[in-house]
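All remarks here apply to the structure that follows.
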Amino acid sequence: MAPESHAWKTFTFFLCVVAIYASYISQGVLQEKLSTKKYGQDGQRFQYLAFLHLPQCAMCFLWSFSMLSIWQGEPRSKPPPLRAYCAPSISNTIGPACGILALRYISFPAQVLAKSSKMIPVMLMGAIVYGVRYTLQEYLCTLLVAGGVSIFALGKNTSISSKVASPNAPLGYGLCLLNLGLDGFTNASQDSLTARYQHINAWHIMMGMNLWGTIYMSLFMFLVPGAGGFPAWRFCASHLDVSWDIFWFCLCGAIGQNFIFLTISRFGALANTTVTTTRKFVSILISSIWNKNSLSRQQWTGVCMVFGGLSYQIWLTYQKKHRQAAEGRVTVSTVGTQTPQRGRSPVSHHRGRSPSIHRARKRHHHLHR
């Protein structure tokens, strides 16, 4: 197969960036609309925000199933059985539902900022539980992000607070923190699946996780008393504009997931982190303009601190990856002058990877997901 041209790779990356920005910014606008708008002549809010994760899972399942039906991959590839996704899907179902439900208690910009601070629980768990040592620069990034979120949360803004259905900042930020913790468990579970099954791809993970997510959310919403499945269904049936908003919300999420997976597979996790981080900042900017959520000067200071810390973290990761690549080239050139051991080919001798470099790459992969 002929290698891709530089122009084609550039066009593909540009397409991924535009698709991720368009889909997730549109989904953010719709998400905020669903949590704040009063529908119908009676002016009722759609209060069943956790219900949104059910059609979102169903839409992502249908999308990934369609992609796998069109592009079946290698004839000999054997994807993991669907039961392998049963346990990881529990956290993948509860986590995003908590993130959506947080919009009942905090504003959309606050939710985006809180969910952007994933590095804080990851680094705390790594340092306390696993004894991972982080650099001073990484701790500086964490302090910037934590300080920015705190400054934003302490800033008062009556124009935004009046749009929230039930303002309760501790509960809203607590739900976001739970979302981040469960996302970390989901990422680790997906890494385990990728390590166990060689022929798995992003669409297999997307299909398996969302199939079980659809099952779990259906059982919870319609069998657990007070979960809100039937009232949400009746509300959508009597307010068709809500149904259309939910449909477009779910479609944007499915398209966004698809291009995030494509970006990671073609250009790496660092490129995806850069795109998604800048996209979150633009989402807050669009929210303040489109929905007239004018932030105070103190809150904009918090926003800039968070994304300043995230941008610095991305730059540190890029620098470390560049150094590791240079060290790898030096190692290969040095080993290449030696005589390989008996019974080992030069190719297999060169494939060895320094354990310290491997641990560092693994640590930073989890830090930036």
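Chain labels run A, B, ... following the order of the structure tokens; each chain numbers its residues from 1, and ligands are numbered from 1 in the order shown.
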
Stretch 130-271 of chain A: residues DSSP assigns to alpha helix (DSSP H), reported as number ranges by chain: A: 136-154, 158-161, 169-196, 202-223, 229-238, 240-267, 269-271

Considering only C-alpha atoms, give me a table of residues in stretch 196-256 of chain A that are at most 10 Å from stretch 30-49 of chain A, with the closest atom pair and distance in Å for each, as a tab-separated table.
residue	atom	partner	partner_atom	distance
A:Ala227	CA	A:Tyr48	CA	8.6
A:Gly228	CA	A:Tyr48	CA	6.3
A:Gly229	CA	A:Tyr48	CA	8.0
A:Pro231	CA	A:Tyr48	CA	8.1
A:Ala232	CA	A:Tyr48	CA	5.9
A:Trp233	CA	A:Tyr48	CA	9.5
A:Phe235	CA	A:Phe46	CA	7.6
A:Cys236	CA	A:Phe46	CA	8.7
A:Ser238	CA	A:Gly40	CA	8.7
A:His239	CA	A:Gly40	CA	6.5
A:Leu240	CA	A:Gly40	CA	9.3
A:Asp241	CA	A:Tyr39	CA	7.9
A:Val242	CA	A:Leu34	CA	7.5
A:Asp245	CA	A:Leu30	CA	6.5
A:Ile246	CA	A:Leu34	CA	7.9
A:Phe247	CA	A:Leu30	CA	10.0
A:Trp248	CA	A:Leu30	CA	7.8
A:Phe249	CA	A:Leu30	CA	5.9
A:Cys250	CA	A:Leu30	CA	9.6
A:Cys252	CA	A:Leu30	CA	9.4

With distances taken over only C-alpha atoms, which of A:Ile200, A:Ile120, A:Ile128, A:Val112 is nearest to A:Ile25? A:Val112

Pick out the closest residue to A:Ser166 from this set: A:Leu101, A:Ala19, A:Ala271, A:Ile284. Count only C-alpha atoms.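 The answer is A:Leu101, which sits nearest to A:Ser166.
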
Write out as an MDAnalysis selection string each polymer residue whose atoms come within 6 Å of stretch 214-220 of chain A, counting only C-alpha atoms; drop sequence neighbours fewer than 3 positions from it. chainID A and resid 54 57:58 210:211 223:224

Could the residues in this selection be saved with N, CA, C and O atoms as a compact mmCIF listing (two decimals), in the first residue's frame?
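Listing of again_33.txt after writing:
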# COMPACT_ATOMS: atom_id res chain seq x y z
N LEU A 54 -29.38 7.55 27.72
CA LEU A 54 -29.96 6.36 27.09
C LEU A 54 -30.00 6.49 25.57
O LEU A 54 -29.45 5.64 24.85
N CYS A 57 -26.38 6.49 24.13
CA CYS A 57 -25.78 5.16 23.99
C CYS A 57 -26.37 4.42 22.79
O CYS A 57 -25.63 3.76 22.03
N ALA A 58 -27.68 4.51 22.61
CA ALA A 58 -28.33 3.83 21.49
C ALA A 58 -27.84 4.38 20.15
O ALA A 58 -27.54 3.61 19.22
N ASN A 210 -21.41 0.74 24.20
CA ASN A 210 -22.70 1.42 24.09
C ASN A 210 -23.87 0.44 24.02
O ASN A 210 -24.99 0.80 24.39
N LEU A 211 -23.62 -0.80 23.56
CA LEU A 211 -24.68 -1.81 23.62
C LEU A 211 -25.07 -2.09 25.06
O LEU A 211 -26.25 -2.06 25.43
N LEU A 223 -37.26 0.44 35.06
CA LEU A 223 -37.59 -0.55 36.09
C LEU A 223 -37.38 -0.03 37.50
O LEU A 223 -38.03 -0.51 38.44
N VAL A 224 -36.49 0.94 37.69
CA VAL A 224 -36.23 1.47 39.02
C VAL A 224 -37.26 2.57 39.32
O VAL A 224 -37.39 3.52 38.53

Determine the nearest neighbour of A:Ser311 from the options A:Leu52, A:Ala202, A:Ala97, A:Val145, counting only C-alpha atoms.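 Closest to A:Ser311, using only C-alpha atoms: A:Val145.
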
Can you check which parts of stretch 229-331 of chain A lie within 10 Å of stretch 138-141 of chain A? Per residue, the shortest pair of atoms and distance in Å to one decimal, counting only C-alpha atoms, sorted by chain and number, as a Markdown table.
| residue | atom | partner | partner_atom | distance |
| --- | --- | --- | --- | --- |
| A:Met305 | CA | A:Cys141 | CA | 9.3 |
| A:Val306 | CA | A:Cys141 | CA | 8.5 |
| A:Phe307 | CA | A:Cys141 | CA | 9.6 |
| A:Gly308 | CA | A:Cys141 | CA | 8.2 |
| A:Gly309 | CA | A:Cys141 | CA | 4.5 |
| A:Leu310 | CA | A:Cys141 | CA | 6.7 |
| A:Ser311 | CA | A:Cys141 | CA | 8.8 |
| A:Tyr312 | CA | A:Cys141 | CA | 6.7 |
| A:Gln313 | CA | A:Cys141 | CA | 6.1 |
| A:Ile314 | CA | A:Cys141 | CA | 9.9 |
| A:Leu316 | CA | A:Glu138 | CA | 8.1 |
| A:Thr317 | CA | A:Glu138 | CA | 9.7 |

Pick from A:Lys115, A:Pro88, A:Phe51, A:Asn272 nearest to A:Met221, counting only C-alpha atoms: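 When distances to A:Met221 are compared using only C-alpha atoms, the smallest one comes from A:Phe51.
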